[in-house]
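Trainee: Once you've had a glance at the structure underneath, I'll fire off some questions.
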Amino acid sequence: MSTPPLSPETQQHHAPLDGKVVVVPGGTGNVGEGIVRAFLLAGATVVVPGRSQERLEGLAELIGPQLGDRLIRLPAGYGTFAEATDLAERIVTDHGRIDHVVPSIGGWWRGKALWQVSETDWQQHFVETTTSHVAVARAFIPRLDADGSYTLITGFAAREPYPQAGIISMHGAAVLMMREALSAELRGRRRANNLLLGPVISRSRPNGDPSWLTAGRVGEAAVAVALAPSVRDESIRLGTLEELEKELARMRG
Ligand SMILES: NC(=O)c1ccc[n+]([C@@H]2O[C@H](COP(=O)([O-])OP(=O)(O)OC[C@H]3O[C@@H](n4cnc5c(N)ncnc54)[C@H](OP(=O)(O)O)[C@@H]3O)[C@@H](O)[C@H]2O)c1
């Protein structure tokens, strides 16, 4: 039987990440919100950087006051190498450590065949999002605690082409290979994994097939990865809730 999701009431008695500092770039997003909530429920202090003060405030409202005291909102970008390095240095200065990083950067886009995309589309949906991922990885990996982990979020489009969404697939494929390259370079010194997600029910898409993931359950999976030292250098496929339950059972042993 699966473990029920944690609630604020149970969290007091079960806070496996108490005292840990978790950074969620993209935490203001649809999937990011579920990841942020799950780490807060697990007892962590969660730092969410964001380019927009309004979106950061919106996240705090969604999370609510009960968990919000450990949610640290940082109005700061990470779209360039310099910005991401400044951000990572600031978090170490403010909190003394970085235990887990879960980048959930960039969302969905569709509408043009590859031969129709404009240079602006390419810049926005490939160059900027891919650069942010690289900037965050190079800034945070060297500052991760020895027992820490790095868990990228990406979607099925990284492995399967979706017509009119080719740029998103190319971005996802680049990020997946970045994770594999990081694992090859780290050679076990830090854990680097990725979650490969199917469709996710979230605040912007509240309805969907009952077999689909939800943002909250994706968050549970990200927490399970952070808590499982044996999970390293993996691409964890989470297409449906059924797959997620199997992976949770495996990771939680
Ligand atoms: N939603 C789904 O159904 C689904 C399914 C499978 C996989 N995924 C994956 O989940 C991840 C997040 O998706 P999402 O649906 O949560 O997306 P989203 O709602 O659009 O959120 C994306 C987040 O990325 C941040 N970001 C930073 N730099 C960005 C840039 N240059 N361009 C765009 N966003 C940028 C944004 O932060 P700011 O606050 O700074 O704007 C925002 O919080 C992606 O890897 C996506 O492939 C999502």
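How things are named: the first chain in the structure tokens is A, the next is B, and so on; residues count from 1 in each chain; ligands count from 1 in the order shown.
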Let me see if you get this right: every residue at most 6 Å from ligand 1, counting only C-alpha atoms and all ligand atoms, written as a PyMOL selection string.

Mentor: chain A and resi 26-32+50-52+55+104-107+128-129+153-155+197-200

Trainee: Write the residues you've just listed into a file as a short mmCIF file (atom, residue, chain, number, x, y, z; two decimals), in the first residue's frame, and include C-alpha atoms for each of them.

Mentor:
```cif
data_model
loop_
_atom_site.label_atom_id
_atom_site.label_comp_id
_atom_site.auth_asym_id
_atom_site.auth_seq_id
_atom_site.Cartn_x
_atom_site.Cartn_y
_atom_site.Cartn_z
CA GLY A 26 11.18 27.50 -10.82
CA GLY A 27 9.34 27.01 -7.53
CA THR A 28 6.84 29.67 -8.55
CA GLY A 29 5.66 27.49 -11.45
CA ASN A 30 2.84 24.96 -11.74
CA VAL A 31 4.96 21.92 -10.95
CA GLY A 32 7.35 23.90 -8.74
CA GLY A 50 12.18 34.23 -8.83
CA ARG A 51 12.29 36.98 -11.41
CA SER A 52 8.91 38.37 -10.41
CA ARG A 55 4.78 35.48 -8.70
CA SER A 104 11.88 23.01 -12.28
CA ILE A 105 12.72 25.67 -14.83
CA GLY A 106 10.72 26.55 -17.96
CA GLY A 107 7.31 25.34 -19.01
CA GLU A 128 17.16 31.20 -22.10
CA THR A 129 15.76 28.13 -20.36
CA ILE A 153 12.64 18.20 -13.50
CA THR A 154 11.82 17.62 -17.14
CA GLY A 155 9.03 16.09 -19.24
CA LEU A 197 7.33 13.51 -16.11
CA GLY A 198 4.17 12.76 -18.03
CA PRO A 199 1.28 15.25 -17.92
CA VAL A 200 0.78 16.96 -14.56
#
```

Trainee: Looking only at the backbone, which of the residues in region 14-61 of chain A does DSSP tag as strand (DSSP E or B), as a ChimeraX atom specification?

Mentor: /A:21-23,45-50

Trainee: Mind writing the picked residues with N, CA, C and O atoms as a CSV table (one decimal), in the first residue's frame?

Mentor:
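Full text of again-v1.csv as output:
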```csv
chain,number,residue,atom,x,y,z
A,21,VAL,N,18.4,22.7,4.0
A,21,VAL,CA,18.0,23.8,3.1
A,21,VAL,C,17.9,23.3,1.6
A,21,VAL,O,18.8,22.7,1.1
A,22,VAL,N,16.7,23.6,1.1
A,22,VAL,CA,16.4,23.1,-0.3
A,22,VAL,C,16.1,24.3,-1.2
A,22,VAL,O,15.4,25.2,-0.8
A,23,VAL,N,16.7,24.3,-2.4
A,23,VAL,CA,16.5,25.4,-3.3
A,23,VAL,C,15.7,24.9,-4.5
A,23,VAL,O,16.0,23.9,-5.1
A,45,THR,N,13.7,23.9,5.1
A,45,THR,CA,13.6,25.4,4.7
A,45,THR,C,13.8,25.4,3.2
A,45,THR,O,14.7,24.8,2.7
A,46,VAL,N,12.8,26.0,2.5
A,46,VAL,CA,12.8,26.0,1.1
A,46,VAL,C,13.0,27.4,0.5
A,46,VAL,O,12.2,28.3,0.8
A,47,VAL,N,14.1,27.6,-0.2
A,47,VAL,CA,14.4,28.9,-0.9
A,47,VAL,C,13.9,28.8,-2.3
A,47,VAL,O,14.3,28.0,-3.1
A,48,VAL,N,13.1,29.8,-2.6
A,48,VAL,CA,12.6,29.9,-4.0
A,48,VAL,C,13.0,31.3,-4.6
A,48,VAL,O,12.5,32.3,-4.2
A,49,PRO,N,14.0,31.2,-5.5
A,49,PRO,CA,14.3,32.5,-6.2
A,49,PRO,C,13.3,32.7,-7.4
A,49,PRO,O,12.7,31.8,-7.9
A,50,GLY,N,13.1,34.0,-7.7
A,50,GLY,CA,12.2,34.2,-8.8
A,50,GLY,C,12.4,35.6,-9.4
A,50,GLY,O,12.9,36.5,-8.7
```

Trainee: Excluding Phe156 (chain A) and its own-chain neighbours fewer than 2 positions away, which residues fall within 10 Å of it when counting only C-alpha atoms? Please give them as a list in words.

Mentor: Thr154, Ala158, Arg159, Glu160, Pro161, Tyr162, Ser169, Gly172, Ala173, Leu195, Leu196, Leu197, Gly198, Pro199, Arg237, Leu238 and Gly239 of chain A

Trainee: Dump N, CA, C and O atoms for the selected residues as a short mmCIF file (atom, residue, chain, number, x, y, z; two decimals), in the first residue's frame?

Mentor:
```cif
data_model
loop_
_atom_site.label_atom_id
_atom_site.label_comp_id
_atom_site.auth_asym_id
_atom_site.auth_seq_id
_atom_site.Cartn_x
_atom_site.Cartn_y
_atom_site.Cartn_z
N THR A 154 12.09 17.42 -15.72
CA THR A 154 11.82 17.62 -17.14
C THR A 154 10.65 16.71 -17.56
O THR A 154 10.12 15.97 -16.74
N ALA A 158 11.20 15.56 -23.71
CA ALA A 158 12.66 15.46 -23.83
C ALA A 158 13.07 14.19 -24.56
O ALA A 158 14.16 14.10 -25.12
N ARG A 159 12.20 13.19 -24.55
CA ARG A 159 12.52 11.91 -25.19
C ARG A 159 11.66 11.63 -26.41
O ARG A 159 11.99 10.77 -27.21
N GLU A 160 10.51 12.33 -26.50
CA GLU A 160 9.59 12.06 -27.61
C GLU A 160 9.28 13.38 -28.32
O GLU A 160 8.95 14.36 -27.66
N PRO A 161 9.38 13.38 -29.65
CA PRO A 161 9.05 14.63 -30.35
C PRO A 161 7.54 14.85 -30.39
O PRO A 161 6.78 13.93 -30.66
N TYR A 162 7.11 16.06 -30.06
CA TYR A 162 5.70 16.43 -30.18
C TYR A 162 5.63 17.48 -31.30
O TYR A 162 6.30 18.51 -31.18
N SER A 169 11.22 19.99 -26.97
CA SER A 169 11.88 18.68 -26.96
C SER A 169 13.39 18.86 -27.00
O SER A 169 14.14 18.15 -26.30
N GLY A 172 14.55 19.97 -23.59
CA GLY A 172 14.50 18.86 -22.62
C GLY A 172 15.63 17.87 -22.86
O GLY A 172 16.26 17.39 -21.90
N ALA A 173 15.91 17.57 -24.13
CA ALA A 173 16.97 16.62 -24.45
C ALA A 173 18.33 17.17 -23.99
O ALA A 173 19.18 16.44 -23.46
N LEU A 195 13.83 13.68 -12.83
CA LEU A 195 12.50 13.11 -12.95
C LEU A 195 12.01 13.42 -14.37
O LEU A 195 12.10 14.56 -14.82
N LEU A 196 11.51 12.41 -15.04
CA LEU A 196 11.00 12.57 -16.41
C LEU A 196 9.48 12.38 -16.34
O LEU A 196 9.00 11.27 -16.14
N LEU A 197 8.76 13.50 -16.45
CA LEU A 197 7.33 13.51 -16.11
C LEU A 197 6.41 13.41 -17.32
O LEU A 197 6.66 14.03 -18.36
N GLY A 198 5.31 12.68 -17.12
CA GLY A 198 4.17 12.76 -18.03
C GLY A 198 3.34 13.98 -17.67
O GLY A 198 3.78 14.83 -16.89
N PRO A 199 2.11 14.08 -18.21
CA PRO A 199 1.28 15.25 -17.92
C PRO A 199 0.99 15.41 -16.44
O PRO A 199 0.82 14.42 -15.73
N ARG A 237 11.46 7.70 -14.54
CA ARG A 237 10.32 7.95 -15.41
C ARG A 237 9.03 7.90 -14.58
O ARG A 237 8.72 6.88 -13.96
N LEU A 238 8.30 9.00 -14.57
CA LEU A 238 7.04 9.07 -13.84
C LEU A 238 5.95 9.52 -14.82
O LEU A 238 5.66 10.70 -14.95
N GLY A 239 5.38 8.54 -15.53
CA GLY A 239 4.37 8.88 -16.53
C GLY A 239 2.99 9.02 -15.93
O GLY A 239 2.19 9.86 -16.34
#
```

Trainee: Do you know which residues are at most 8 Å from Leu241 (chain A) counting only C-alpha atoms, after dropping those on the same chain fewer than 6 positions away, and could you put them as a list in words?

Mentor: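 Residues meeting the cut-off are Ser211, Trp212 and Leu213 of chain A.
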
Trainee: For the selection just defined, write its residues with N, CA and C atoms to a file, as a PDB file, in the first residue's frame.

Mentor:
```pdb
ATOM      1  N   SER A 211      -5.451   9.077 -14.028  1.00  0.00           N
ATOM      2  CA  SER A 211      -4.157   8.373 -13.909  1.00  0.00           C
ATOM      3  C   SER A 211      -2.971   9.344 -13.922  1.00  0.00           C
ATOM      4  N   TRP A 212      -3.238  10.611 -14.223  1.00  0.00           N
ATOM      5  CA  TRP A 212      -2.133  11.566 -14.353  1.00  0.00           C
ATOM      6  C   TRP A 212      -1.523  11.917 -13.000  1.00  0.00           C
ATOM      7  N   LEU A 213      -0.279  12.353 -13.073  1.00  0.00           N
ATOM      8  CA  LEU A 213       0.406  12.893 -11.895  1.00  0.00           C
ATOM      9  C   LEU A 213      -0.269  14.180 -11.449  1.00  0.00           C
TER      10      LEU A 213
END
```

Trainee: So which bits of region 8-236 of chain A end up helix (DSSP H, G or I) when you DSSP the backbone, as a tab-separated table (two decimals) with N, CA and C atoms, in the first residue's frame?

Mentor:
```
chain	number	residue	atom	x	y	z
A	8	PRO	N	0.10	19.04	6.98
A	8	PRO	CA	0.73	19.88	7.98
A	8	PRO	C	0.63	19.28	9.39
A	9	GLU	N	-0.45	18.52	9.66
A	9	GLU	CA	-0.63	17.95	11.00
A	9	GLU	C	0.40	16.84	11.25
A	10	THR	N	0.60	15.96	10.23
A	10	THR	CA	1.54	14.85	10.42
A	10	THR	C	2.97	15.35	10.35
A	11	GLN	N	3.18	16.47	9.69
A	11	GLN	CA	4.53	16.97	9.45
A	11	GLN	C	5.29	17.20	10.74
A	30	ASN	N	3.94	25.91	-12.00
A	30	ASN	CA	2.84	24.96	-11.74
A	30	ASN	C	3.33	23.70	-11.04
A	31	VAL	N	4.40	23.13	-11.56
A	31	VAL	CA	4.96	21.92	-10.95
A	31	VAL	C	5.78	22.31	-9.72
A	32	GLY	N	6.51	23.43	-9.84
A	32	GLY	CA	7.35	23.90	-8.74
A	32	GLY	C	6.57	24.07	-7.45
A	33	GLU	N	5.34	24.56	-7.55
A	33	GLU	CA	4.52	24.77	-6.33
A	33	GLU	C	4.38	23.45	-5.54
A	34	GLY	N	4.12	22.36	-6.25
A	34	GLY	CA	3.96	21.06	-5.57
A	34	GLY	C	5.27	20.61	-4.94
A	35	ILE	N	6.37	20.91	-5.62
A	35	ILE	CA	7.69	20.52	-5.08
A	35	ILE	C	7.99	21.32	-3.81
A	36	VAL	N	7.72	22.61	-3.88
A	36	VAL	CA	7.97	23.48	-2.71
A	36	VAL	C	7.13	22.99	-1.52
A	37	ARG	N	5.86	22.73	-1.76
A	37	ARG	CA	4.99	22.31	-0.65
A	37	ARG	C	5.47	20.99	-0.04
A	38	ALA	N	5.86	20.05	-0.90
A	38	ALA	CA	6.28	18.74	-0.39
A	38	ALA	C	7.54	18.86	0.48
A	39	PHE	N	8.49	19.70	0.07
A	39	PHE	CA	9.71	19.86	0.88
A	39	PHE	C	9.40	20.59	2.19
A	40	LEU	N	8.47	21.54	2.15
A	40	LEU	CA	8.07	22.21	3.40
A	40	LEU	C	7.41	21.19	4.35
A	41	LEU	N	6.54	20.35	3.79
A	41	LEU	CA	5.88	19.33	4.62
A	41	LEU	C	6.89	18.36	5.22
A	53	GLN	N	8.44	39.53	-8.35
A	53	GLN	CA	7.96	39.65	-6.97
A	53	GLN	C	6.50	39.20	-6.87
A	54	GLU	N	5.73	39.52	-7.89
A	54	GLU	CA	4.30	39.17	-7.89
A	54	GLU	C	4.11	37.65	-7.86
A	55	ARG	N	4.91	36.94	-8.67
A	55	ARG	CA	4.78	35.48	-8.70
A	55	ARG	C	5.27	34.87	-7.37
A	56	LEU	N	6.27	35.48	-6.78
A	56	LEU	CA	6.75	35.00	-5.47
A	56	LEU	C	5.68	35.19	-4.40
A	57	GLU	N	5.01	36.34	-4.46
A	57	GLU	CA	3.94	36.59	-3.47
A	57	GLU	C	2.78	35.63	-3.71
A	58	GLY	N	2.49	35.38	-4.99
A	58	GLY	CA	1.43	34.42	-5.33
A	58	GLY	C	1.73	33.04	-4.77
A	59	LEU	N	2.99	32.64	-4.83
A	59	LEU	CA	3.38	31.33	-4.29
A	59	LEU	C	3.13	31.28	-2.78
A	60	ALA	N	3.53	32.35	-2.10
A	60	ALA	CA	3.34	32.39	-0.64
A	60	ALA	C	1.86	32.26	-0.29
A	61	GLU	N	1.00	32.89	-1.07
A	61	GLU	CA	-0.45	32.78	-0.82
A	61	GLU	C	-0.92	31.36	-1.04
A	62	LEU	N	-0.43	30.73	-2.10
A	62	LEU	CA	-0.84	29.35	-2.39
A	62	LEU	C	-0.37	28.39	-1.28
A	63	ILE	N	0.81	28.61	-0.77
A	63	ILE	CA	1.37	27.72	0.26
A	63	ILE	C	0.67	27.95	1.60
A	65	PRO	N	-0.03	30.33	5.38
A	65	PRO	CA	0.81	30.71	6.52
A	65	PRO	C	1.30	29.53	7.35
A	66	GLN	N	0.55	28.41	7.35
A	66	GLN	CA	0.91	27.30	8.23
A	66	GLN	C	2.29	26.72	7.90
A	67	LEU	N	2.59	26.65	6.60
A	67	LEU	CA	3.89	26.13	6.18
A	67	LEU	C	4.85	27.25	5.78
A	68	GLY	N	4.26	28.45	5.56
A	68	GLY	CA	5.00	29.53	4.92
A	68	GLY	C	6.16	30.09	5.71
A	81	PHE	N	25.17	33.14	-15.87
A	81	PHE	CA	26.12	32.49	-14.97
A	81	PHE	C	26.36	33.38	-13.75
A	82	ALA	N	26.52	34.69	-13.99
A	82	ALA	CA	26.82	35.61	-12.88
A	82	ALA	C	25.64	35.67	-11.89
A	83	GLU	N	24.42	35.75	-12.41
A	83	GLU	CA	23.24	35.82	-11.52
A	83	GLU	C	23.13	34.56	-10.68
A	84	ALA	N	23.32	33.40	-11.31
A	84	ALA	CA	23.17	32.13	-10.58
A	84	ALA	C	24.26	32.00	-9.51
A	85	THR	N	25.48	32.42	-9.85
A	85	THR	CA	26.57	32.34	-8.86
A	85	THR	C	26.28	33.27	-7.69
A	86	ASP	N	25.84	34.50	-7.97
A	86	ASP	CA	25.48	35.43	-6.89
A	86	ASP	C	24.41	34.82	-5.98
A	87	LEU	N	23.42	34.20	-6.62
A	87	LEU	CA	22.31	33.61	-5.87
A	87	LEU	C	22.82	32.49	-4.95
A	88	ALA	N	23.62	31.59	-5.50
A	88	ALA	CA	24.12	30.46	-4.69
A	88	ALA	C	24.97	30.98	-3.54
A	89	GLU	N	25.83	31.96	-3.82
A	89	GLU	CA	26.69	32.52	-2.75
A	89	GLU	C	25.83	33.15	-1.66
A	90	ARG	N	24.79	33.85	-2.08
A	90	ARG	CA	23.91	34.52	-1.10
A	90	ARG	C	23.19	33.50	-0.21
A	91	ILE	N	22.75	32.40	-0.81
A	91	ILE	CA	22.04	31.38	-0.02
A	91	ILE	C	22.99	30.74	1.00
A	92	VAL	N	24.22	30.48	0.58
A	92	VAL	CA	25.20	29.92	1.52
A	92	VAL	C	25.46	30.91	2.65
A	93	THR	N	25.61	32.19	2.29
A	93	THR	CA	25.85	33.21	3.32
A	93	THR	C	24.66	33.29	4.29
A	94	ASP	N	23.45	33.30	3.74
A	94	ASP	CA	22.26	33.48	4.58
A	94	ASP	C	21.91	32.24	5.41
A	95	HIS	N	22.13	31.05	4.84
A	95	HIS	CA	21.62	29.83	5.49
A	95	HIS	C	22.72	28.85	5.90
A	114	LEU	N	9.31	23.39	-36.54
A	114	LEU	CA	10.67	23.93	-36.34
A	114	LEU	C	11.06	24.93	-37.43
A	115	TRP	N	10.56	24.69	-38.66
A	115	TRP	CA	10.94	25.61	-39.74
A	115	TRP	C	10.14	26.91	-39.70
A	116	GLN	N	9.21	27.01	-38.74
A	116	GLN	CA	8.42	28.24	-38.63
A	116	GLN	C	8.82	29.09	-37.42
A	119	GLU	N	13.32	33.67	-34.30
A	119	GLU	CA	14.51	33.72	-33.46
A	119	GLU	C	14.12	34.03	-32.01
A	120	THR	N	13.05	34.82	-31.85
A	120	THR	CA	12.57	35.14	-30.49
A	120	THR	C	12.07	33.86	-29.79
A	121	ASP	N	11.30	33.04	-30.52
A	121	ASP	CA	10.82	31.77	-29.94
A	121	ASP	C	12.01	30.92	-29.49
A	122	TRP	N	13.00	30.81	-30.35
A	122	TRP	CA	14.19	30.00	-30.07
A	122	TRP	C	14.93	30.52	-28.84
A	123	GLN	N	15.11	31.84	-28.80
A	123	GLN	CA	15.80	32.45	-27.66
A	123	GLN	C	15.05	32.15	-26.37
A	124	GLN	N	13.73	32.35	-26.40
A	124	GLN	CA	12.92	32.25	-25.19
A	124	GLN	C	12.78	30.80	-24.70
A	125	HIS	N	12.53	29.89	-25.63
A	125	HIS	CA	12.17	28.52	-25.20
A	125	HIS	C	13.32	27.53	-25.29
A	126	PHE	N	14.41	27.90	-25.92
A	126	PHE	CA	15.59	27.03	-25.89
A	126	PHE	C	16.76	27.72	-25.19
A	127	VAL	N	17.19	28.86	-25.74
A	127	VAL	CA	18.45	29.44	-25.24
A	127	VAL	C	18.31	29.89	-23.78
A	128	GLU	N	17.26	30.65	-23.47
A	128	GLU	CA	17.16	31.20	-22.10
A	128	GLU	C	16.94	30.11	-21.06
A	129	THR	N	16.05	29.17	-21.37
A	129	THR	CA	15.76	28.13	-20.36
A	129	THR	C	16.95	27.17	-20.21
A	130	THR	N	17.58	26.84	-21.33
A	130	THR	CA	18.73	25.92	-21.24
A	130	THR	C	19.89	26.61	-20.53
A	131	THR	N	20.11	27.89	-20.84
A	131	THR	CA	21.19	28.63	-20.16
A	131	THR	C	20.92	28.71	-18.66
A	132	SER	N	19.67	28.93	-18.27
A	132	SER	CA	19.35	28.97	-16.84
A	132	SER	C	19.70	27.66	-16.16
A	133	HIS	N	19.36	26.54	-16.81
A	133	HIS	CA	19.68	25.22	-16.22
A	133	HIS	C	21.18	25.05	-16.05
A	134	VAL	N	21.95	25.44	-17.07
A	134	VAL	CA	23.41	25.29	-16.97
A	134	VAL	C	23.96	26.23	-15.89
A	135	ALA	N	23.44	27.46	-15.87
A	135	ALA	CA	23.91	28.45	-14.89
A	135	ALA	C	23.65	27.95	-13.46
A	136	VAL	N	22.46	27.38	-13.24
A	136	VAL	CA	22.12	26.88	-11.90
A	136	VAL	C	23.00	25.68	-11.54
A	137	ALA	N	23.18	24.77	-12.49
A	137	ALA	CA	24.00	23.58	-12.20
A	137	ALA	C	25.42	23.99	-11.84
A	138	ARG	N	26.03	24.88	-12.63
A	138	ARG	CA	27.44	25.21	-12.37
A	138	ARG	C	27.61	26.04	-11.09
A	139	ALA	N	26.55	26.76	-10.70
A	139	ALA	CA	26.65	27.56	-9.47
A	139	ALA	C	26.38	26.71	-8.22
A	140	PHE	N	25.43	25.77	-8.33
A	140	PHE	CA	24.99	25.07	-7.11
A	140	PHE	C	25.70	23.75	-6.86
A	141	ILE	N	26.06	23.02	-7.90
A	141	ILE	CA	26.68	21.70	-7.68
A	141	ILE	C	27.93	21.83	-6.79
A	142	PRO	N	28.84	22.77	-7.04
A	142	PRO	CA	30.04	22.83	-6.19
A	142	PRO	C	29.74	23.26	-4.75
A	143	ARG	N	28.55	23.80	-4.51
A	143	ARG	CA	28.21	24.28	-3.17
A	143	ARG	C	27.27	23.33	-2.42
A	156	PHE	N	8.27	14.34	-20.71
A	156	PHE	CA	8.39	13.32	-21.75
A	156	PHE	C	8.86	13.90	-23.09
A	157	ALA	N	8.55	15.19	-23.32
A	157	ALA	CA	8.94	15.81	-24.59
A	157	ALA	C	10.46	15.74	-24.80
A	158	ALA	N	11.20	15.56	-23.71
A	158	ALA	CA	12.66	15.46	-23.83
A	158	ALA	C	13.07	14.19	-24.56
A	166	GLY	N	8.83	21.33	-31.08
A	166	GLY	CA	10.19	20.81	-31.24
A	166	GLY	C	11.21	21.52	-30.37
A	167	ILE	N	11.04	22.81	-30.16
A	167	ILE	CA	12.04	23.53	-29.36
A	167	ILE	C	12.02	23.01	-27.92
A	168	ILE	N	10.82	22.70	-27.42
A	168	ILE	CA	10.72	22.20	-26.04
A	168	ILE	C	11.40	20.83	-25.94
A	169	SER	N	11.22	19.99	-26.97
A	169	SER	CA	11.88	18.68	-26.96
A	169	SER	C	13.39	18.86	-27.00
A	170	MET	N	13.87	19.78	-27.83
A	170	MET	CA	15.32	20.00	-27.92
A	170	MET	C	15.88	20.51	-26.59
A	171	HIS	N	15.15	21.41	-25.96
A	171	HIS	CA	15.58	21.91	-24.64
A	171	HIS	C	15.63	20.76	-23.63
A	172	GLY	N	14.55	19.97	-23.59
A	172	GLY	CA	14.50	18.86	-22.62
A	172	GLY	C	15.63	17.87	-22.86
A	173	ALA	N	15.91	17.57	-24.13
A	173	ALA	CA	16.97	16.62	-24.45
A	173	ALA	C	18.33	17.17	-23.99
A	174	ALA	N	18.53	18.46	-24.19
A	174	ALA	CA	19.80	19.08	-23.77
A	174	ALA	C	19.96	19.00	-22.24
A	175	VAL	N	18.88	19.26	-21.53
A	175	VAL	CA	18.93	19.25	-20.07
A	175	VAL	C	19.15	17.82	-19.55
A	176	LEU	N	18.49	16.85	-20.20
A	176	LEU	CA	18.72	15.45	-19.80
A	176	LEU	C	20.17	15.05	-19.99
A	177	MET	N	20.74	15.44	-21.14
A	177	MET	CA	22.15	15.10	-21.38
A	177	MET	C	23.06	15.85	-20.41
A	178	MET	N	22.66	17.09	-20.05
A	178	MET	CA	23.46	17.81	-19.05
A	178	MET	C	23.50	16.99	-17.75
A	179	ARG	N	22.37	16.45	-17.35
A	179	ARG	CA	22.34	15.67	-16.11
A	179	ARG	C	23.24	14.43	-16.23
A	180	GLU	N	23.18	13.77	-17.40
A	180	GLU	CA	24.03	12.59	-17.58
A	180	GLU	C	25.50	12.97	-17.54
A	181	ALA	N	25.82	14.11	-18.17
A	181	ALA	CA	27.22	14.57	-18.17
A	181	ALA	C	27.66	14.92	-16.74
A	182	LEU	N	26.77	15.58	-16.00
A	182	LEU	CA	27.10	15.90	-14.60
A	182	LEU	C	27.38	14.63	-13.81
A	183	SER	N	26.53	13.61	-13.99
A	183	SER	CA	26.74	12.34	-13.28
A	183	SER	C	28.08	11.74	-13.64
A	184	ALA	N	28.41	11.76	-14.94
A	184	ALA	CA	29.69	11.19	-15.39
A	184	ALA	C	30.86	11.96	-14.78
A	185	GLU	N	30.71	13.27	-14.66
A	185	GLU	CA	31.80	14.09	-14.13
A	185	GLU	C	31.90	14.00	-12.60
A	186	LEU	N	30.74	13.89	-11.95
A	186	LEU	CA	30.74	13.84	-10.48
A	186	LEU	C	31.25	12.50	-9.97
A	215	ALA	N	0.88	17.91	-9.23
A	215	ALA	CA	2.09	18.63	-8.81
A	215	ALA	C	2.52	18.18	-7.41
A	216	GLY	N	1.54	17.96	-6.54
A	216	GLY	CA	1.86	17.54	-5.17
A	216	GLY	C	2.55	16.18	-5.14
A	217	ARG	N	2.08	15.25	-5.97
A	217	ARG	CA	2.71	13.91	-5.99
A	217	ARG	C	4.11	13.97	-6.61
A	218	VAL	N	4.30	14.86	-7.59
A	218	VAL	CA	5.66	15.05	-8.13
A	218	VAL	C	6.58	15.54	-7.00
A	219	GLY	N	6.05	16.43	-6.17
A	219	GLY	CA	6.83	16.91	-5.03
A	219	GLY	C	7.22	15.77	-4.11
A	220	GLU	N	6.27	14.86	-3.86
A	220	GLU	CA	6.58	13.70	-3.00
A	220	GLU	C	7.72	12.89	-3.59
A	221	ALA	N	7.69	12.72	-4.91
A	221	ALA	CA	8.77	11.94	-5.56
A	221	ALA	C	10.10	12.66	-5.40
A	222	ALA	N	10.10	14.00	-5.54
A	222	ALA	CA	11.35	14.75	-5.39
A	222	ALA	C	11.90	14.62	-3.97
A	223	VAL	N	11.00	14.65	-2.98
A	223	VAL	CA	11.44	14.47	-1.58
A	223	VAL	C	12.00	13.05	-1.40
A	224	ALA	N	11.34	12.07	-1.99
A	224	ALA	CA	11.82	10.68	-1.86
A	224	ALA	C	13.22	10.54	-2.43
A	225	VAL	N	13.49	11.20	-3.56
A	225	VAL	CA	14.85	11.15	-4.14
A	225	VAL	C	15.84	11.78	-3.17
A	226	ALA	N	15.47	12.93	-2.62
A	226	ALA	CA	16.39	13.62	-1.69
A	226	ALA	C	16.71	12.74	-0.49
A	227	LEU	N	15.73	11.93	-0.06
A	227	LEU	CA	15.91	11.12	1.15
A	227	LEU	C	16.52	9.75	0.90
```

Trainee: So, counting only C-alpha atoms, which residue among A:Thr240, A:Ala113, A:Asp18, A:Asp69 is closest to Gly208 (chain A)?

Mentor: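 Of A:Thr240, A:Ala113, A:Asp18, A:Asp69, the one nearest Gly208 (chain A) is A:Thr240, counting only C-alpha atoms.
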